[in-house]
>>> print(open('input.csv').read())   # CSV, C-alpha atoms
chain,number,residue,atom,x,y,z
A,16,MET,CA,-55.7,-14.1,-80.3
A,17,PRO,CA,-53.2,-16.8,-79.8
A,18,GLY,CA,-54.3,-20.1,-78.2
A,19,LEU,CA,-52.6,-22.0,-75.4
A,20,THR,CA,-48.9,-22.3,-75.8
A,21,LEU,CA,-47.0,-25.5,-74.9
A,22,ALA,CA,-45.5,-23.7,-71.9
A,23,GLU,CA,-49.0,-22.8,-70.6
A,24,ALA,CA,-50.2,-26.4,-71.3
A,25,ARG,CA,-47.2,-27.8,-69.3
A,26,ARG,CA,-48.0,-25.4,-66.4
A,27,MET,CA,-51.6,-26.6,-66.5
A,28,LEU,CA,-50.5,-30.2,-66.6
A,29,ASP,CA,-48.0,-29.8,-63.7
A,30,ALA,CA,-50.7,-28.0,-61.6
A,31,GLY,CA,-53.3,-30.7,-62.3
A,32,LEU,CA,-50.8,-33.5,-61.5
A,33,ALA,CA,-49.7,-31.8,-58.3
A,34,GLU,CA,-53.4,-31.5,-57.2
A,35,ALA,CA,-53.9,-35.2,-58.0
A,36,ASP,CA,-50.9,-36.1,-55.9
A,37,ARG,CA,-52.2,-33.8,-53.1
A,38,ILE,CA,-55.5,-35.6,-53.0
A,39,GLY,CA,-53.9,-39.1,-53.5
A,40,GLN,CA,-55.8,-40.0,-56.7
A,41,PRO,CA,-53.8,-40.9,-59.8
A,42,MET,CA,-55.3,-39.1,-62.8
A,43,ASN,CA,-55.2,-38.8,-66.6
A,44,VAL,CA,-54.9,-35.1,-67.6
A,45,ALA,CA,-55.4,-33.9,-71.2
A,46,ILE,CA,-54.9,-30.3,-72.4
A,47,LEU,CA,-56.3,-29.4,-75.8
A,48,ASP,CA,-55.7,-26.3,-77.9
A,49,ALA,CA,-58.6,-24.2,-79.3
A,50,GLY,CA,-58.8,-26.4,-82.3
A,51,GLY,CA,-59.4,-29.5,-80.2
A,52,HIS,CA,-55.9,-30.9,-80.8
A,53,LEU,CA,-54.0,-32.6,-78.0
A,54,LEU,CA,-51.3,-30.3,-76.7
A,55,ALA,CA,-50.2,-32.1,-73.5
A,56,PHE,CA,-51.2,-35.3,-71.7
A,57,ALA,CA,-50.1,-37.3,-68.8
A,58,ARG,CA,-51.2,-40.6,-67.2
A,59,GLN,CA,-50.1,-40.9,-63.6
A,60,ASP,CA,-48.9,-44.3,-62.3
A,61,GLY,CA,-52.0,-46.2,-61.2
A,62,ALA,CA,-54.6,-44.1,-63.2
A,63,ILE,CA,-57.0,-46.4,-65.0
A,64,ARG,CA,-56.5,-46.9,-68.7
A,65,ALA,CA,-60.1,-46.3,-69.7
A,66,SER,CA,-59.7,-42.8,-68.5
A,67,ILE,CA,-57.1,-41.9,-71.1
A,68,ASP,CA,-59.9,-41.6,-73.6
A,69,ILE,CA,-62.4,-40.2,-71.2
A,70,SER,CA,-60.1,-37.4,-70.2
A,71,GLN,CA,-59.6,-36.4,-73.8
A,72,ARG,CA,-63.3,-36.6,-74.5
A,73,LYS,CA,-64.1,-34.4,-71.5
A,74,ALA,CA,-61.7,-31.8,-72.8
A,75,THR,CA,-63.3,-32.0,-76.3
A,76,THR,CA,-66.8,-31.8,-74.9
A,77,ALA,CA,-65.9,-28.7,-72.8
A,78,LEU,CA,-64.3,-27.1,-75.9
A,79,LEU,CA,-67.2,-27.9,-78.2
A,80,MET,CA,-69.9,-26.8,-75.7
A,81,GLU,CA,-67.9,-23.9,-74.3
A,82,ALA,CA,-69.0,-25.1,-70.8
A,83,PRO,CA,-67.7,-27.2,-68.0
A,84,THR,CA,-68.8,-30.8,-68.5
A,85,ALA,CA,-70.2,-30.9,-64.9
A,86,ALA,CA,-72.7,-28.2,-66.0
A,87,LEU,CA,-74.1,-30.5,-68.7
A,88,MET,CA,-75.3,-33.4,-66.6
A,89,PRO,CA,-78.7,-31.9,-65.7
A,90,LEU,CA,-79.3,-30.9,-69.3
A,91,VAL,CA,-78.9,-34.4,-70.7
A,92,GLN,CA,-81.3,-36.3,-68.5
A,93,PRO,CA,-84.4,-37.9,-70.1
A,94,GLY,CA,-86.8,-35.1,-70.9
A,95,ALA,CA,-84.2,-32.3,-70.7
A,96,GLU,CA,-83.4,-30.1,-73.6
A,97,LEU,CA,-80.1,-31.7,-74.5
A,98,TYR,CA,-81.1,-35.4,-73.9
A,99,GLY,CA,-78.9,-37.5,-76.1
A,100,LEU,CA,-76.1,-35.0,-76.4
A,101,GLU,CA,-73.5,-37.5,-75.3
A,102,GLN,CA,-74.2,-39.6,-78.5
A,103,THR,CA,-73.1,-36.7,-80.8
A,104,ALA,CA,-69.7,-35.5,-82.0
A,105,GLY,CA,-68.1,-39.0,-81.7
A,106,GLY,CA,-69.2,-39.4,-78.0
A,107,MET,CA,-69.2,-36.4,-75.7
A,108,VAL,CA,-68.7,-36.9,-72.0
A,109,VAL,CA,-71.2,-35.0,-69.8
A,110,PHE,CA,-69.9,-35.6,-66.2
A,111,GLY,CA,-67.5,-33.5,-64.3
A,112,GLY,CA,-63.8,-33.0,-65.2
A,113,GLY,CA,-63.8,-31.0,-68.5
A,114,ILE,CA,-63.3,-27.3,-68.3
A,115,PRO,CA,-62.9,-24.8,-71.2
A,116,VAL,CA,-60.0,-22.3,-70.9
A,117,GLN,CA,-60.6,-18.7,-71.8
A,118,ARG,CA,-58.3,-15.7,-72.1
A,119,ASP,CA,-59.8,-12.2,-72.4
A,120,GLY,CA,-63.2,-13.8,-73.1
A,121,GLU,CA,-61.9,-16.0,-76.0
A,122,LEU,CA,-61.8,-19.7,-75.9
A,123,VAL,CA,-58.2,-20.9,-76.2
A,124,GLY,CA,-58.3,-24.5,-75.1
A,125,ALA,CA,-59.7,-27.0,-72.6
A,126,VAL,CA,-58.6,-29.4,-69.9
A,127,GLY,CA,-60.1,-32.9,-69.3
A,128,VAL,CA,-59.4,-35.0,-66.2
A,129,SER,CA,-60.4,-38.5,-65.5
A,130,ALA,CA,-59.8,-41.5,-63.1
A,131,GLY,CA,-61.2,-40.3,-59.8
A,132,SER,CA,-64.7,-39.4,-58.8
A,133,ALA,CA,-66.4,-36.7,-60.8
A,134,GLU,CA,-65.8,-34.3,-57.9
A,135,GLN,CA,-62.1,-35.2,-57.8
A,136,ASP,CA,-61.8,-34.8,-61.5
A,137,VAL,CA,-63.3,-31.3,-61.3
A,138,GLN,CA,-61.0,-30.4,-58.5
A,139,VAL,CA,-57.9,-31.4,-60.5
A,140,ALA,CA,-59.2,-29.7,-63.7
A,141,GLU,CA,-59.8,-26.5,-61.7
A,142,ALA,CA,-56.3,-26.6,-60.4
A,143,ALA,CA,-55.0,-26.9,-64.0
A,144,VAL,CA,-57.1,-24.0,-65.2
A,145,ALA,CA,-56.0,-21.8,-62.3
A,146,ALA,CA,-52.3,-22.3,-63.4
A,147,VAL,CA,-53.0,-20.1,-66.5
A,148,LYS,CA,-55.4,-17.7,-64.9
A,149,ALA,CA,-52.8,-16.6,-62.3
>>> encode(input="input.csv", output="structure tokens")
Amino acid sequence: MPGLTLAEARRMLDAGLAEADRIGQPMNVAILDAGGHLLAFARQDGAIRASIDISQRKATTALLMEAPTAALMPLVQPGAELYGLEQTAGGMVVFGGGIPVQRDGELVGAVGVSAGSAEQDVQVAEAAVAAVKA
């Protein structure tokens, strides 16, 4: 099964950036292919620079864990079964904004968004994913 194409990644990027504009929060949006390689990226004017790396790490985490990063937060708390996960694989990010992208049940890539609140990051990531689900 082919992974995300550049055309799909650009549609995702455009949809995510449009949602960020709509909510008035400049964002960093990273799209990875199934191998974890950067396929598309944008940093909107005013998006914080620290979130360049965070957005890519969110996408990587979603890809490696095959789960939205927002779903990982309760699992990494002290005493929980994945406590310490964020210290592995070069530094995973376990708060909202990373979402894996699947096609016909197969993992084909991931999106990571960062620079707003975790809720805003998830909202923009969901808009990006919806662009290839439609």
>>> residues_around(input="input.csv", residues="Ala30 of chain A", least_positions_apart="3", cutoff="8 Å", atoms="all atoms listed in the file", output="mmCIF file with C-alpha atoms, keeping the file's coordinate frame")
data_model
loop_
_atom_site.group_PDB
_atom_site.id
_atom_site.type_symbol
_atom_site.label_atom_id
_atom_site.label_comp_id
_atom_site.auth_asym_id
_atom_site.auth_seq_id
_atom_site.Cartn_x
_atom_site.Cartn_y
_atom_site.Cartn_z
ATOM 1 C CA ARG A 26 -48.000 -25.400 -66.400
ATOM 2 C CA MET A 27 -51.600 -26.600 -66.500
ATOM 3 C CA ALA A 33 -49.700 -31.800 -58.300
ATOM 4 C CA GLU A 34 -53.400 -31.500 -57.200
ATOM 5 C CA ALA A 142 -56.300 -26.600 -60.400
ATOM 6 C CA ALA A 143 -55.000 -26.900 -64.000
ATOM 7 C CA ALA A 146 -52.300 -22.300 -63.400
#
>>> residues_around(input="input.csv", residues="Pro89 of chain A", least_positions_apart="6", cutoff="10 Å", atoms="only C-alpha atoms", output="PDB file with C-alpha atoms, in the frame of the given file")
ATOM      1  CA  ALA A  95     -84.200 -32.300 -70.700  1.00  0.00           C
ATOM      2  CA  GLU A  96     -83.400 -30.100 -73.600  1.00  0.00           C
ATOM      3  CA  LEU A  97     -80.100 -31.700 -74.500  1.00  0.00           C
ATOM      4  CA  TYR A  98     -81.100 -35.400 -73.900  1.00  0.00           C
ATOM      5  CA  VAL A 109     -71.200 -35.000 -69.800  1.00  0.00           C
ATOM      6  CA  PHE A 110     -69.900 -35.600 -66.200  1.00  0.00           C
TER       7      PHE A 110
END
>>> residues_around(input="input.csv", residues="Pro115 of chain A", least_positions_apart="2", cutoff="8 Å", atoms="all atoms listed in the file", output="list in words")
Ala74, Ala77, Leu78, Glu81, Ala82, Pro83, Gly113, Gln117, Leu122, Val123, Gly124, Ala125 and Val126 of chain A
>>> residues_around(input="input.csv", residues="Met42 of chain A", least_positions_apart="3", cutoff="7 Å", atoms="all atoms listed in the file", output="PyMOL selection string")
chain A and resi 35+58-59+62+128-131
>>> closest_atom_pairs(input="input.csv", of="segment 28-91 of chain A", to="segment 19-23 of chain A", cutoff="9 Å", atoms="only C-alpha atoms", output="JSON lines")
{"residue": "A:Leu28", "atom": "CA", "partner": "A:Glu23", "partner_atom": "CA", "distance": 8.5}
{"residue": "A:Leu47", "atom": "CA", "partner": "A:Leu19", "partner_atom": "CA", "distance": 8.3}
{"residue": "A:Asp48", "atom": "CA", "partner": "A:Leu19", "partner_atom": "CA", "distance": 5.9}
{"residue": "A:Ala49", "atom": "CA", "partner": "A:Leu19", "partner_atom": "CA", "distance": 7.5}
{"residue": "A:Leu54", "atom": "CA", "partner": "A:Leu21", "partner_atom": "CA", "distance": 6.7}
{"residue": "A:Ala55", "atom": "CA", "partner": "A:Leu21", "partner_atom": "CA", "distance": 7.5}
>>> closest_residue(input="input.csv", among="A:Gly61, A:Val108, A:Thr84, A:Ser70", to="Val44 of chain A", atoms="only C-alpha atoms")
A:Ser70
>>> atom_distance(input="input.csv", atom1="atom CA of Pro93 of chain A", atom2="atom CA of Ile114 of chain A")
23.7 Å
>>> closest_residue(input="input.csv", among="A:Val139, A:Ile46, A:Arg37, A:Met80", to="Ala24 of chain A", atoms="only C-alpha atoms")
A:Ile46
>>> atom_distance(input="input.csv", atom1="atom CA of Gly120 of chain A", atom2="atom CA of Val144 of chain A")
14.3 Å
>>> closest_residue(input="input.csv", among="A:Leu32, A:Ala104, A:Ile38, A:Val147", to="Leu79 of chain A", atoms="only C-alpha atoms")
A:Ala104
>>> axis_aligned_box(input="input.csv", around="segment 52-59 of chain A", padding_each_side="6 Å", output="AutoDock Vina command-line options")
--center_x -53.0 --center_y -35.6 --center_z -72.2 --size_x 17.8 --size_y 22.6 --size_z 29.2
>>> atom_distance(input="input.csv", atom1="atom CA of Gln40 of chain A", atom2="atom CA of Gln135 of chain A")
8.0 Å
>>> closest_residue(input="input.csv", among="A:Arg72, A:Arg64, A:Arg118, A:Lys148", to="Asn43 of chain A", atoms="all atoms listed in the file")
A:Arg64
>>> closest_residue(input="input.csv", among="A:Gly111, A:Gly51, A:Gly105, A:Pro41", to="Ile67 of chain A", atoms="all atoms listed in the file")
A:Pro41
>>> closest_residue(input="input.csv", among="A:Arg25, A:Ala145, A:Gly112, A:Asp60", to="Ala86 of chain A", atoms="only C-alpha atoms")
A:Gly112
